[in-house]
Each structure stands twice: as structure tokens, then as C-alpha cells.
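Next comes upload_1.cif, a file with mmCIF, C-alpha atoms and all ligand atoms.
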data_final
#
loop_
_atom_site.label_atom_id
_atom_site.label_comp_id
_atom_site.auth_asym_id
_atom_site.auth_seq_id
_atom_site.Cartn_x
_atom_site.Cartn_y
_atom_site.Cartn_z
CA MET S 17 35.64 -51.47 -42.45
CA THR S 18 32.27 -49.90 -41.66
CA ARG S 19 30.60 -51.12 -38.48
CA SER S 20 26.96 -50.67 -37.52
CA LEU S 21 26.22 -48.53 -34.49
CA THR S 22 23.23 -47.65 -32.31
CA ILE S 23 23.13 -44.79 -29.83
CA LEU S 24 20.60 -45.07 -27.00
CA GLY S 25 20.08 -41.54 -25.63
CA ALA S 26 21.38 -39.81 -28.74
CA THR S 27 20.16 -36.31 -27.84
CA GLY S 28 22.02 -36.00 -24.55
CA SER S 29 25.52 -34.90 -23.64
CA VAL S 30 27.22 -38.26 -24.26
CA GLY S 31 24.92 -39.15 -27.17
CA SER S 32 25.63 -35.95 -29.06
CA GLN S 33 29.38 -36.35 -28.52
CA ALA S 34 29.13 -39.87 -29.93
CA LEU S 35 27.31 -38.41 -32.94
CA ASP S 36 30.05 -35.81 -33.31
CA LEU S 37 32.55 -38.66 -33.69
CA VAL S 38 30.28 -40.34 -36.26
CA ALA S 39 30.10 -37.12 -38.30
CA ARG S 40 33.89 -36.82 -38.26
CA ASN S 41 34.37 -40.43 -39.38
CA PRO S 42 31.63 -41.05 -41.97
CA ASP S 43 33.17 -44.29 -43.26
CA ARG S 44 33.76 -45.90 -39.91
CA TRP S 45 30.18 -46.36 -38.67
CA ARG S 46 26.75 -46.84 -40.24
CA VAL S 47 24.04 -45.76 -37.83
CA GLU S 48 21.31 -48.32 -37.22
CA ALA S 49 19.20 -46.63 -34.53
CA LEU S 50 18.99 -43.51 -32.39
CA THR S 51 16.72 -42.86 -29.42
CA ALA S 52 15.58 -39.94 -27.27
CA ASN S 53 13.21 -39.38 -24.40
CA THR S 54 11.08 -36.41 -25.60
CA ASP S 55 13.24 -34.23 -27.88
CA VAL S 56 11.68 -35.07 -31.24
CA ALA S 57 13.28 -32.16 -33.10
CA GLY S 58 16.78 -33.04 -31.85
CA LEU S 59 16.27 -36.73 -32.56
CA ALA S 60 14.91 -36.14 -36.07
CA ALA S 61 17.76 -33.75 -36.94
CA ALA S 62 20.35 -36.25 -35.68
CA ALA S 63 18.73 -39.16 -37.53
CA ARG S 64 18.68 -37.19 -40.80
CA ALA S 65 22.26 -36.00 -40.37
CA CYS S 66 23.71 -39.48 -39.88
CA GLY S 67 21.25 -41.40 -42.05
CA ALA S 68 19.97 -43.64 -39.25
CA ARG S 69 17.63 -46.50 -40.21
CA PHE S 70 15.42 -46.24 -37.12
CA ALA S 71 14.58 -43.50 -34.63
CA ALA S 72 12.64 -44.09 -31.41
CA VAL S 73 11.22 -41.63 -28.90
CA ALA S 74 10.40 -42.95 -25.42
CA ASP S 75 7.49 -40.56 -24.91
CA ALA S 76 4.61 -42.42 -26.57
CA SER S 77 2.67 -39.19 -27.16
CA LYS S 78 5.45 -37.94 -29.46
CA GLY S 79 5.14 -40.74 -32.03
CA ASP S 80 3.14 -38.73 -34.58
CA ALA S 81 5.44 -35.74 -34.30
CA LEU S 82 8.48 -37.95 -34.92
CA ARG S 83 6.83 -39.66 -37.91
CA GLN S 84 6.01 -36.26 -39.41
CA ALA S 85 9.49 -34.89 -38.74
CA LEU S 86 11.02 -37.83 -40.62
CA ALA S 87 8.40 -38.19 -43.37
CA GLY S 88 9.95 -38.87 -46.77
CA THR S 89 13.37 -39.79 -45.39
CA GLY S 90 12.85 -43.57 -45.34
CA ILE S 91 13.85 -43.59 -41.65
CA ALA S 92 11.55 -45.90 -39.70
CA THR S 93 10.18 -44.53 -36.42
CA GLY S 94 8.81 -45.88 -33.18
CA ALA S 95 7.44 -44.42 -29.94
CA GLY S 96 7.11 -45.57 -26.35
CA PRO S 97 9.46 -47.52 -24.08
CA ALA S 98 9.05 -50.69 -26.21
CA ALA S 99 10.38 -48.81 -29.26
CA VAL S 100 13.49 -47.82 -27.30
CA ILE S 101 13.97 -51.48 -26.35
CA GLU S 102 13.52 -52.37 -30.02
CA ALA S 103 16.33 -49.92 -30.84
CA GLY S 104 18.62 -51.88 -28.51
CA ALA S 105 17.49 -55.16 -30.02
CA ARG S 106 18.05 -54.15 -33.65
CA ASP S 107 21.06 -55.59 -35.31
CA ALA S 108 23.99 -53.24 -34.64
CA GLU S 109 27.50 -54.42 -33.79
CA ILE S 110 28.12 -51.53 -31.39
CA VAL S 111 25.64 -49.94 -28.98
CA VAL S 112 26.45 -46.81 -26.98
CA THR S 113 24.21 -46.67 -23.90
CA ALA S 114 23.83 -42.96 -23.17
CA ILE S 115 20.35 -42.94 -21.60
CA VAL S 116 20.37 -41.44 -18.10
CA GLY S 117 18.99 -43.52 -15.25
CA ALA S 118 17.55 -46.99 -14.80
CA ALA S 119 15.36 -46.23 -17.86
CA GLY S 120 18.37 -47.54 -19.79
CA LEU S 121 18.21 -51.00 -18.24
CA GLU S 122 15.82 -52.79 -20.59
CA PRO S 123 17.20 -51.35 -23.86
CA THR S 124 20.70 -52.21 -22.62
CA MET S 125 19.60 -55.77 -21.83
CA ALA S 126 18.16 -56.08 -25.34
CA ALA S 127 21.60 -55.27 -26.78
CA VAL S 128 23.40 -57.53 -24.29
CA ARG S 129 21.14 -60.47 -25.12
CA ARG S 130 22.18 -60.40 -28.75
CA GLY S 131 25.90 -60.28 -27.91
CA ALA S 132 26.64 -56.70 -28.99
CA GLN S 133 29.74 -54.65 -28.20
CA LEU S 134 28.47 -52.09 -25.69
CA GLY S 135 29.98 -48.74 -24.84
CA ILE S 136 28.39 -48.20 -21.43
CA ALA S 137 27.89 -44.63 -20.29
CA ASN S 138 24.58 -45.38 -18.54
CA LYS S 139 26.10 -46.24 -15.14
CA GLU S 140 22.73 -46.47 -13.36
CA THR S 141 22.03 -49.68 -15.28
CA LEU S 142 25.14 -51.33 -13.85
CA VAL S 143 24.37 -49.97 -10.39
CA CYS S 144 20.81 -51.27 -10.23
CA ALA S 145 21.34 -54.51 -12.12
CA GLY S 146 25.08 -55.20 -12.34
CA PRO S 147 25.00 -58.95 -11.64
CA VAL S 148 22.05 -59.50 -14.01
CA VAL S 149 23.66 -57.48 -16.82
CA THR S 150 27.13 -59.00 -16.47
CA ALA S 151 25.76 -62.55 -16.24
CA ALA S 152 23.74 -61.97 -19.42
CA ALA S 153 26.83 -60.50 -21.11
CA ARG S 154 28.81 -63.65 -20.27
CA ALA S 155 25.98 -65.92 -21.41
CA HIS S 156 25.48 -64.12 -24.73
CA GLY S 157 29.06 -63.11 -25.50
CA ALA S 158 28.44 -59.36 -25.23
CA THR S 159 31.45 -57.10 -24.62
CA LEU S 160 31.03 -54.38 -21.99
CA LEU S 161 33.34 -51.42 -22.59
CA PRO S 162 33.17 -48.55 -20.11
CA VAL S 163 32.61 -45.02 -21.41
CA ASP S 164 32.55 -43.41 -17.97
CA SER S 165 35.95 -41.70 -17.97
CA GLU S 166 37.15 -43.30 -14.72
CA HIS S 167 36.23 -46.83 -15.76
CA ASN S 168 37.56 -46.29 -19.23
CA ALA S 169 40.86 -45.21 -17.66
CA ILE S 170 40.90 -48.30 -15.44
CA PHE S 171 40.03 -50.53 -18.40
CA GLN S 172 43.02 -49.15 -20.30
CA VAL S 173 45.52 -50.03 -17.54
CA PHE S 174 43.85 -53.10 -16.00
CA PRO S 175 45.58 -56.52 -16.09
CA HIS S 176 42.66 -58.30 -17.79
CA ASP S 177 44.55 -61.62 -17.94
CA ASP S 178 45.45 -61.66 -14.25
CA PRO S 179 43.25 -59.45 -12.02
CA ALA S 180 45.02 -60.90 -8.95
CA GLN S 181 47.86 -58.48 -9.75
CA VAL S 182 45.63 -55.62 -8.60
CA GLU S 183 46.05 -54.32 -5.07
CA ARG S 184 43.78 -51.31 -5.42
CA ILE S 185 41.63 -49.50 -7.96
CA ILE S 186 41.70 -45.77 -7.26
CA LEU S 187 38.86 -43.73 -8.76
CA THR S 188 39.58 -40.04 -9.07
CA ALA S 189 36.84 -37.51 -8.29
CA SER S 190 36.87 -33.82 -9.16
CA GLY S 191 35.11 -33.07 -5.87
CA GLY S 192 32.35 -31.22 -7.74
CA PRO S 193 31.26 -27.61 -7.38
CA PHE S 194 30.85 -27.85 -3.58
CA ARG S 195 34.22 -29.42 -2.82
CA THR S 196 35.15 -26.72 -0.32
CA ARG S 197 31.65 -25.77 0.92
CA SER S 198 30.36 -26.53 4.41
CA ARG S 199 27.08 -28.46 4.77
CA GLU S 200 25.44 -25.24 5.91
CA ALA S 201 26.59 -23.44 2.77
CA MET S 202 25.21 -26.29 0.61
CA ARG S 203 21.75 -26.05 2.18
CA GLY S 204 20.38 -23.32 -0.08
CA ALA S 205 22.17 -24.48 -3.24
CA SER S 206 20.16 -23.94 -6.42
CA VAL S 207 20.02 -26.33 -9.36
CA ALA S 208 22.20 -23.90 -11.34
CA ASP S 209 24.83 -23.86 -8.53
CA ALA S 210 24.85 -27.64 -8.37
CA CYS S 211 25.20 -27.96 -12.15
CA LYS S 212 28.25 -25.69 -12.33
CA HIS S 213 30.75 -28.51 -12.62
CA PRO S 214 34.36 -27.32 -12.35
CA THR S 215 35.83 -29.50 -15.10
CA TRP S 216 33.19 -31.41 -17.11
CA SER S 217 30.12 -30.25 -19.04
CA MET S 218 27.40 -32.92 -18.64
CA GLY S 219 23.68 -33.60 -18.34
CA ALA S 220 21.78 -32.23 -15.31
CA LYS S 221 21.39 -35.49 -13.38
CA ILE S 222 25.05 -36.49 -13.42
CA SER S 223 26.07 -32.89 -12.67
CA ILE S 224 23.94 -32.90 -9.51
CA ASP S 225 25.29 -36.37 -8.64
CA SER S 226 28.77 -34.84 -8.95
CA ALA S 227 27.80 -32.09 -6.52
CA THR S 228 26.58 -34.60 -3.89
CA LEU S 229 29.43 -37.03 -4.74
CA MET S 230 26.75 -39.67 -5.34
CA ASN S 231 28.27 -39.87 -8.81
CA LYS S 232 31.49 -41.22 -7.30
CA GLY S 233 29.49 -43.62 -5.18
CA LEU S 234 27.63 -44.92 -8.24
CA GLU S 235 31.01 -45.23 -9.94
CA LEU S 236 32.40 -47.36 -7.09
CA ILE S 237 29.49 -49.77 -7.59
CA GLU S 238 29.95 -49.58 -11.37
CA ALA S 239 33.65 -50.46 -10.95
CA ALA S 240 32.76 -53.43 -8.76
CA GLN S 241 30.59 -54.76 -11.61
CA LEU S 242 33.07 -54.14 -14.41
CA PHE S 243 36.31 -55.31 -12.82
CA PRO S 244 36.81 -58.66 -11.03
CA VAL S 245 38.36 -57.19 -7.88
CA PRO S 246 37.07 -57.53 -4.27
CA VAL S 247 35.15 -54.43 -3.16
CA GLU S 248 37.65 -53.74 -0.34
CA ARG S 249 40.17 -52.92 -3.05
CA LEU S 250 38.16 -50.02 -4.46
CA ASP S 251 39.12 -46.56 -3.34
CA VAL S 252 38.41 -42.88 -4.14
CA ILE S 253 40.71 -39.87 -4.18
CA VAL S 254 39.67 -36.29 -4.87
CA HIS S 255 41.72 -34.76 -7.67
CA PRO S 256 40.23 -31.38 -8.65
CA GLN S 257 42.04 -30.97 -11.99
CA SER S 258 40.44 -34.12 -13.54
CA VAL S 259 43.64 -34.87 -15.47
CA ILE S 260 44.27 -38.34 -14.05
CA HIS S 261 41.07 -40.21 -14.89
CA SER S 262 41.74 -43.11 -12.48
CA MET S 263 44.52 -45.49 -11.45
CA VAL S 264 45.29 -49.13 -10.83
CA GLU S 265 47.78 -49.99 -8.11
CA TYR S 266 49.52 -53.32 -8.61
CA ILE S 267 50.73 -55.70 -5.89
CA ASP S 268 54.35 -54.64 -6.51
CA GLY S 269 53.50 -51.01 -5.64
CA SER S 270 53.42 -49.76 -9.25
CA VAL S 271 50.55 -47.38 -10.01
CA LEU S 272 49.32 -47.14 -13.62
CA ALA S 273 47.10 -44.25 -14.65
CA GLN S 274 45.40 -42.90 -17.76
CA LEU S 275 45.56 -39.13 -18.27
CA GLY S 276 43.95 -36.77 -20.73
CA SER S 277 42.08 -33.51 -21.08
CA PRO S 278 38.52 -33.70 -19.70
CA ASP S 279 36.79 -34.40 -23.03
CA MET S 280 34.33 -37.30 -23.09
CA ARG S 281 35.03 -37.90 -26.77
CA ILE S 282 38.25 -39.66 -25.70
CA PRO S 283 36.56 -42.48 -23.75
CA ILE S 284 33.57 -42.54 -26.14
CA ALA S 285 35.93 -42.98 -29.13
CA TYR S 286 37.81 -45.68 -27.23
CA ALA S 287 34.61 -47.69 -26.69
CA MET S 288 33.23 -47.07 -30.21
CA GLY S 289 36.51 -47.90 -31.93
CA TRP S 290 37.71 -50.76 -29.73
CA PRO S 291 39.95 -52.65 -30.28
CA GLU S 292 41.28 -49.87 -32.53
CA ARG S 293 42.08 -46.35 -31.40
CA ILE S 294 40.55 -43.44 -33.26
CA ALA S 295 41.85 -39.89 -33.65
CA THR S 296 39.75 -37.35 -31.75
CA PRO S 297 39.73 -33.54 -31.80
CA ALA S 298 40.08 -33.44 -27.98
CA ALA S 299 42.55 -30.84 -26.74
CA ARG S 300 45.96 -32.33 -26.10
CA LEU S 301 47.05 -32.44 -22.50
CA ASN S 302 49.49 -29.63 -21.78
CA LEU S 303 51.00 -30.56 -18.44
CA ALA S 304 53.15 -27.43 -18.29
CA GLU S 305 49.94 -25.40 -18.49
CA VAL S 306 48.19 -27.60 -15.92
CA ALA S 307 51.32 -27.12 -13.76
CA ASN S 308 49.94 -28.72 -10.59
CA LEU S 309 48.04 -31.88 -9.82
CA SER S 310 46.57 -32.00 -6.33
CA PHE S 311 44.86 -34.69 -4.28
CA GLU S 312 42.81 -34.94 -1.10
CA ALA S 313 40.84 -37.61 0.74
CA PRO S 314 37.05 -37.47 0.15
CA ASP S 315 35.03 -36.06 3.06
CA LEU S 316 32.31 -38.60 3.83
CA GLU S 317 30.72 -36.36 6.45
CA ARG S 318 30.03 -33.43 4.19
CA PHE S 319 29.14 -35.81 1.35
CA PRO S 320 27.03 -38.58 2.93
CA CYS S 321 25.88 -39.83 -0.50
CA LEU S 322 29.35 -41.22 -1.10
CA LYS S 323 29.24 -43.09 2.20
CA LEU S 324 25.72 -44.40 1.51
CA ALA S 325 26.88 -45.75 -1.84
CA TRP S 326 30.03 -47.23 -0.36
CA ASP S 327 27.92 -49.04 2.26
CA ALA S 328 25.42 -50.17 -0.39
CA MET S 329 28.25 -51.61 -2.46
CA ARG S 330 29.55 -53.58 0.52
CA ALA S 331 26.05 -54.76 1.43
CA GLY S 332 25.37 -55.85 -2.17
CA GLY S 333 22.09 -57.59 -3.01
CA SER S 334 19.30 -55.10 -3.60
CA ALA S 335 20.99 -52.20 -1.74
CA PRO S 336 22.63 -50.61 -4.82
CA CYS S 337 19.33 -50.77 -6.74
CA ILE S 338 17.42 -49.13 -3.85
CA LEU S 339 20.12 -46.48 -3.51
CA ASN S 340 20.03 -45.68 -7.22
CA ALA S 341 16.25 -45.49 -7.48
CA ALA S 342 15.97 -43.27 -4.40
CA ASN S 343 18.68 -41.00 -5.74
CA GLU S 344 16.96 -40.67 -9.12
CA ILE S 345 13.72 -39.63 -7.41
CA ALA S 346 15.48 -37.25 -5.01
CA VAL S 347 17.51 -35.59 -7.78
CA ALA S 348 14.40 -35.22 -9.96
CA ALA S 349 12.62 -33.62 -6.99
CA PHE S 350 15.54 -31.24 -6.45
CA ILE S 351 15.48 -30.26 -10.15
CA ALA S 352 11.72 -29.73 -9.94
CA GLY S 353 12.07 -27.49 -6.88
CA GLN S 354 10.27 -30.02 -4.65
CA ALA S 355 13.31 -30.81 -2.49
CA GLY S 356 16.37 -29.00 -1.24
CA PHE S 357 19.94 -30.03 -2.00
CA LEU S 358 20.47 -31.58 1.44
CA ASP S 359 17.21 -33.53 1.14
CA ILE S 360 18.87 -35.72 -1.47
CA ASP S 361 21.10 -37.68 0.90
CA ALA S 362 18.36 -37.78 3.55
CA ILE S 363 15.83 -39.29 1.12
CA VAL S 364 18.35 -41.87 -0.09
CA ALA S 365 19.27 -42.87 3.49
CA GLU S 366 15.62 -43.16 4.56
CA THR S 367 14.64 -45.15 1.48
CA LEU S 368 17.49 -47.59 2.11
CA ALA S 369 16.22 -48.06 5.65
CA MET S 370 12.59 -48.55 4.53
CA VAL S 371 12.60 -50.80 1.50
CA PRO S 372 12.89 -54.51 2.28
CA HIS S 373 15.72 -56.37 0.62
CA ALA S 374 14.71 -58.88 -2.01
CA PRO S 375 16.35 -61.37 -4.37
CA MET S 376 18.00 -59.89 -7.48
CA ALA S 377 18.33 -62.95 -9.69
CA SER S 378 16.47 -61.71 -12.76
CA LEU S 379 15.59 -58.56 -14.66
CA GLU S 380 12.05 -58.84 -13.24
CA ASP S 381 13.45 -58.93 -9.68
CA VAL S 382 15.45 -55.76 -10.38
CA LEU S 383 12.46 -53.95 -11.87
CA ALA S 384 10.34 -54.87 -8.82
CA VAL S 385 12.91 -53.56 -6.31
CA ASP S 386 13.47 -50.44 -8.42
CA ALA S 387 9.71 -49.74 -8.47
CA ALA S 388 9.34 -50.31 -4.71
CA ALA S 389 12.24 -47.97 -3.94
CA ARG S 390 10.88 -45.27 -6.26
CA ALA S 391 7.48 -45.43 -4.59
CA ALA S 392 9.04 -45.17 -1.13
CA ALA S 393 11.29 -42.27 -2.17
CA ARG S 394 8.36 -40.41 -3.76
CA GLY S 395 6.47 -40.75 -0.50
CA LEU S 396 9.43 -39.26 1.36
CA VAL S 397 9.64 -36.32 -1.05
CA VAL S 398 5.99 -35.52 -0.37
CA LYS S 399 6.41 -35.97 3.39
CA ARG S 400 9.46 -33.71 3.56
CA ALA S 401 7.80 -30.99 1.47
CA ALA S 402 4.68 -30.98 3.71
P1 LIG N 1 21.69 -36.24 -20.68
O1 LIG N 1 20.62 -35.88 -19.74
O2 LIG N 1 22.44 -35.17 -21.35
O3 LIG N 1 21.08 -37.20 -21.82
C1 LIG N 1 20.29 -38.30 -21.48
C2 LIG N 1 19.74 -39.00 -22.70
O4 LIG N 1 18.84 -40.03 -22.25
C3 LIG N 1 18.94 -38.10 -23.63
O5 LIG N 1 19.13 -38.52 -24.97
C4 LIG N 1 17.49 -38.35 -23.19
O6 LIG N 1 16.58 -38.11 -24.23
C5 LIG N 1 17.55 -39.82 -22.83
N1 LIG N 1 16.55 -40.20 -21.81
C6 LIG N 1 16.32 -39.57 -20.62
N2 LIG N 1 15.34 -40.20 -19.95
C7 LIG N 1 14.93 -41.22 -20.72
C8 LIG N 1 13.92 -42.22 -20.58
N3 LIG N 1 13.12 -42.27 -19.49
N4 LIG N 1 13.78 -43.14 -21.56
C9 LIG N 1 14.56 -43.10 -22.65
N5 LIG N 1 15.52 -42.17 -22.85
C10 LIG N 1 15.71 -41.24 -21.89
O7 LIG N 1 22.68 -37.21 -19.88
P2 LIG N 1 24.24 -37.44 -20.11
O8 LIG N 1 25.00 -36.46 -19.32
O9 LIG N 1 24.53 -37.61 -21.56
O10 LIG N 1 24.42 -38.84 -19.37
C11 LIG N 1 23.98 -40.06 -19.94
C12 LIG N 1 24.54 -41.22 -19.12
O11 LIG N 1 25.97 -41.20 -19.24
C13 LIG N 1 24.26 -41.10 -17.62
O12 LIG N 1 24.05 -42.37 -17.08
C14 LIG N 1 25.52 -40.49 -17.06
O13 LIG N 1 25.75 -40.86 -15.71
C15 LIG N 1 26.58 -41.10 -17.96
N6 LIG N 1 27.80 -40.30 -18.09
C16 LIG N 1 27.75 -39.05 -18.64
C17 LIG N 1 28.90 -38.29 -18.77
C18 LIG N 1 28.86 -36.93 -19.40
O14 LIG N 1 29.93 -36.34 -19.63
N7 LIG N 1 27.73 -36.38 -19.71
C19 LIG N 1 30.11 -38.81 -18.29
C20 LIG N 1 30.14 -40.08 -17.74
C21 LIG N 1 28.97 -40.83 -17.64
MG MG N 2 32.71 -40.53 -14.40
#

Give the structure from the file, written as C-alpha cells.
Amino acid sequence: MTRSLTILGATGSVGSQALDLVARNPDRWRVEALTANTDVAGLAAAARACGARFAAVADASKGDALRQALAGTGIATGAGPAAVIEAGARDAEIVVTAIVGAAGLEPTMAAVRRGAQLGIANKETLVCAGPVVTAAARAHGATLLPVDSEHNAIFQVFPHDDPAQVERIILTASGGPFRTRSREAMRGASVADACKHPTWSMGAKISIDSATLMNKGLELIEAAQLFPVPVERLDVIVHPQSVIHSMVEYIDGSVLAQLGSPDMRIPIAYAMGWPERIATPAARLNLAEVANLSFEAPDLERFPCLKLAWDAMRAGGSAPCILNAANEIAVAAFIAGQAGFLDIDAIVAETLAMVPHAPMASLEDVLAVDAAARAAARGLVVKRAA
């Protein structure tokens, strides 16, 4: 049976791996829409290759270029943020959300509001607007399937019929490229250093989040949104080999885990094929070759971003949204050479202290808090650089 599929953020790391699965299984999915931020050439090539019906570029100034690149193909095009939202709203059974950042929120909501099956990679959307997104999913009958490898692992071993059986959810973290570095040794880290992830190959933003451990903090908040378990039951363990993708400890002391080689096509295929499983070309796990699995407690002093996120999760309300927005601004400033690596946690902490908390009942509330936090964080970037 062929199912219709949309990929939001089709030109990125997750998006292109989703497209790889589509190319390997031409009868399984029919592509409705693909989107990109600015990469018109990559988007047009992908849309041609899979025969998409609609392609949207978020950068409004790239509309003509996209139309020209797809002239004569019959593929409809759109440009600007509204066109990306339209991509989410178009009728596709399955939507993979692979946009990076809170920019994915509105297109995700468009898919949620029509009851789609969502493969969620775009964790920032759940961090900044988890209660709004999950309430809309319940109201409209949308299914939220995690693509993030940790949450996908948890989903696979979670007692969905009786969450009270869970004593603890244990997220594994690779520890990132600076796992053994002192704070002093992190100070001069370059973008290239921070992006040298030991086990996964990913987009720049999530790679830097992995170096600060903010990624694990965002994932704690993401887990709190996806799984009905009190936040005190969420935990993190550093596991440098990235073989165990996360674990669920049950009240009887049993611990269930999902393992696999670090290849995102495994969780992406799980979410795109659900409830069926699909063959993937991912390398098979060779435990004799891996030989050793090791574990250590996360160091919240060297990695304050993880602590900030943990505190924001416990605080709830608008704190996770403020944290996420500040982190997006700080990471973008680091990439642009306007902030140092250790400025990231400082900017996030200061933004959390500055921005007043506000109600988070609607999408509009979320967008207002997100905008206020971005403005505050931008001010801090300028102040620190002066
Ligand atoms: P990426 O940077 O490689 O790709 C991001 C995609 O989003 C691109 O298609 C880009 O064009 C699009 N995009 C960026 N800004 C946009 C905007 N303002 N409006 C519309 N589109 C925009 O990122 P990635 O590594 O593929 O990560 C995507 C998401 O998946 C992130 O939320 C990340 O945390 C999550 N994730 C990624 C991985 C991974 O292995 N890469 C693993 C787990 C979770
Ligand atoms: Mg992850």
C-alpha cells in the first residue's frame, strides 16, 4: 500500500536520510511536499528525484529561482514561511518534521491540526510548545512518533497501555566531542571542533548542542512531552559508544533498552513505516566488534546547559520556550563568530533570568514568548561582544 508523505526540512541531515529511504522503497511512499530554508538547488533536485507534488522554500526571495528550477516538471512551488506552513497543511498521511529550530513549529502545527501521522525529528518544536502541540494532537487525532533516536528507543520499549509501570526513563548521551575537556579547554573551541561529533553525523546546530550537552537537555524536555511520566522520573547517563539509544526502567527493576548502530535511518524508518517495520541498509550491530559499553554520570558543572534545561523542565510554563529560543540565538552567534563557545550557556542563563514568564495556552502565546526571548538573547550577544 502506497502512503503519502511530506518532509519538512528535506535538504538537511534527517531530511535527506528520509529521502534516501523513499528512493530505496519507491512503492511504499508517494511524496506530497518537500521544503527547505534556502537551498533551492538541493530542494529542486530532491523534488524531481522523488516526484513531489509541491516544493516550498522558506526564503521568500528564492521563489523565482525555485520556480525556474522546477519549470516543466509539473511540480507546484511556493516561497516564504506561509508556503512551508502550506506544505504541512497539504494532505499527506505522514509528515516527517526535519526542520531545525522553532521555525518548525507552525508547519508542524498545520500537520497536527489535520490529524497526520508525524515523525518528529524537530525537537525544538516540542521544547518550546510541547503542551500546545500535544493538546492539538489529542484534539485532532494526530499521532506523534519520535524520530530522535533516544525517544524512538524509549517509544519502542515503553508500556503505552500502563505508563505507571515506569520507574525511570534513562536517556543515553554520547557526551559529545568535549566529554573529557575542562571548561578552560572548551573556551577557545572553534565551530569545527564543536561539530566533530564522536558517533553521529548531523546538522551544525544539533552538533553544537551535543557539544554543550544542551541537546540532552532539550531531549529531557522532549521526553517529558512525549511520554506520560512525571519529570522526576527522567534521567540521563553518558554512554560514549551510542549503542544503547535509551532505556526504560520498570517498577520491578527490569530495564528494557533499544540498541543499534548509530544510523538515523533506523528511527526515521520506524516513524515513516509505523506500525510496520521496514528494512534499512543500516550497518548491523556487531557487539563483538564494539566489545565494551561504558557509562558515566553527566557532569552538570562542566556542562551547565544540561542543568539549565533540567531546571527549565522542572519549572515548566514558559521556561523551556525561553531556554530554547536563547539557545538558538546563542548557537547561531557562535556559528557566526559573534560569540565564544562558553558564551552559549551564559547567554541562555541570563535570558532565562531576564524574560518574564507568561501564559503558554495557545500557539500565539508561544510565539510571543519565543520572540521576547530571542530579542533578549540578541541583546546579550551584542553586549557580550562589545
Ligand atoms: P540540518 O541543519 O541538517 O537541516 C535542517 C533543515 O531545516 C534543512 O532542510 C533546512 O533547509 C531547514 N530549515 C532550516 N531553517 C529553516 C527555517 N527557518 N525555515 C524553514 N526551514 C528551515 O538539521 P538536522 O541535523 O537534519 O536536524 C533537523 C532536526 O532534527 C533538528 O531539530 C534536530 O535537533 C533533529 N535531529 C537531528 C538528528 C540528526 O541526526 N541530524 C538526530 C536527532 C534529531
Ligand atoms: Mg537524540

Listed atoms of ligand LIG 1 (chain N) boxed axis-aligned with 6 Å per side, centre + edges as AutoDock Vina command-line options:
--center_x 21.6 --center_y -39.2 --center_z -20.3 --size_x 29.0 --size_y 20.0 --size_z 21.3

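Of note, CA of Leu37 in chain S and CA of Ala87 in chain S are spaced 26.0 Å apart.
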
Computed interatomic separation between CA of Glu183 in chain S and atom N6 of ligand LIG 1 (chain N) (Å):
26.4 Å

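We find atom O12 of ligand LIG 1 (chain N) and CA of Met230 in chain S to be spaced 12.3 Å apart.
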
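Between Gly94 in chain S and the residues S:Ser198, S:Asn53, S:Ser277, S:Gln257, the shortest atom-to-atom distance, using only C-alpha atoms, involves S:Asn53.
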
Could the residues that lie within 6 Å of ligand LIG 1 (chain N), counting only C-alpha atoms and all ligand atoms, be listed as a PyMOL selection string?
chain S and resi 25-31+52-54+74+114-117+119+137-140+164+218-220+222+280
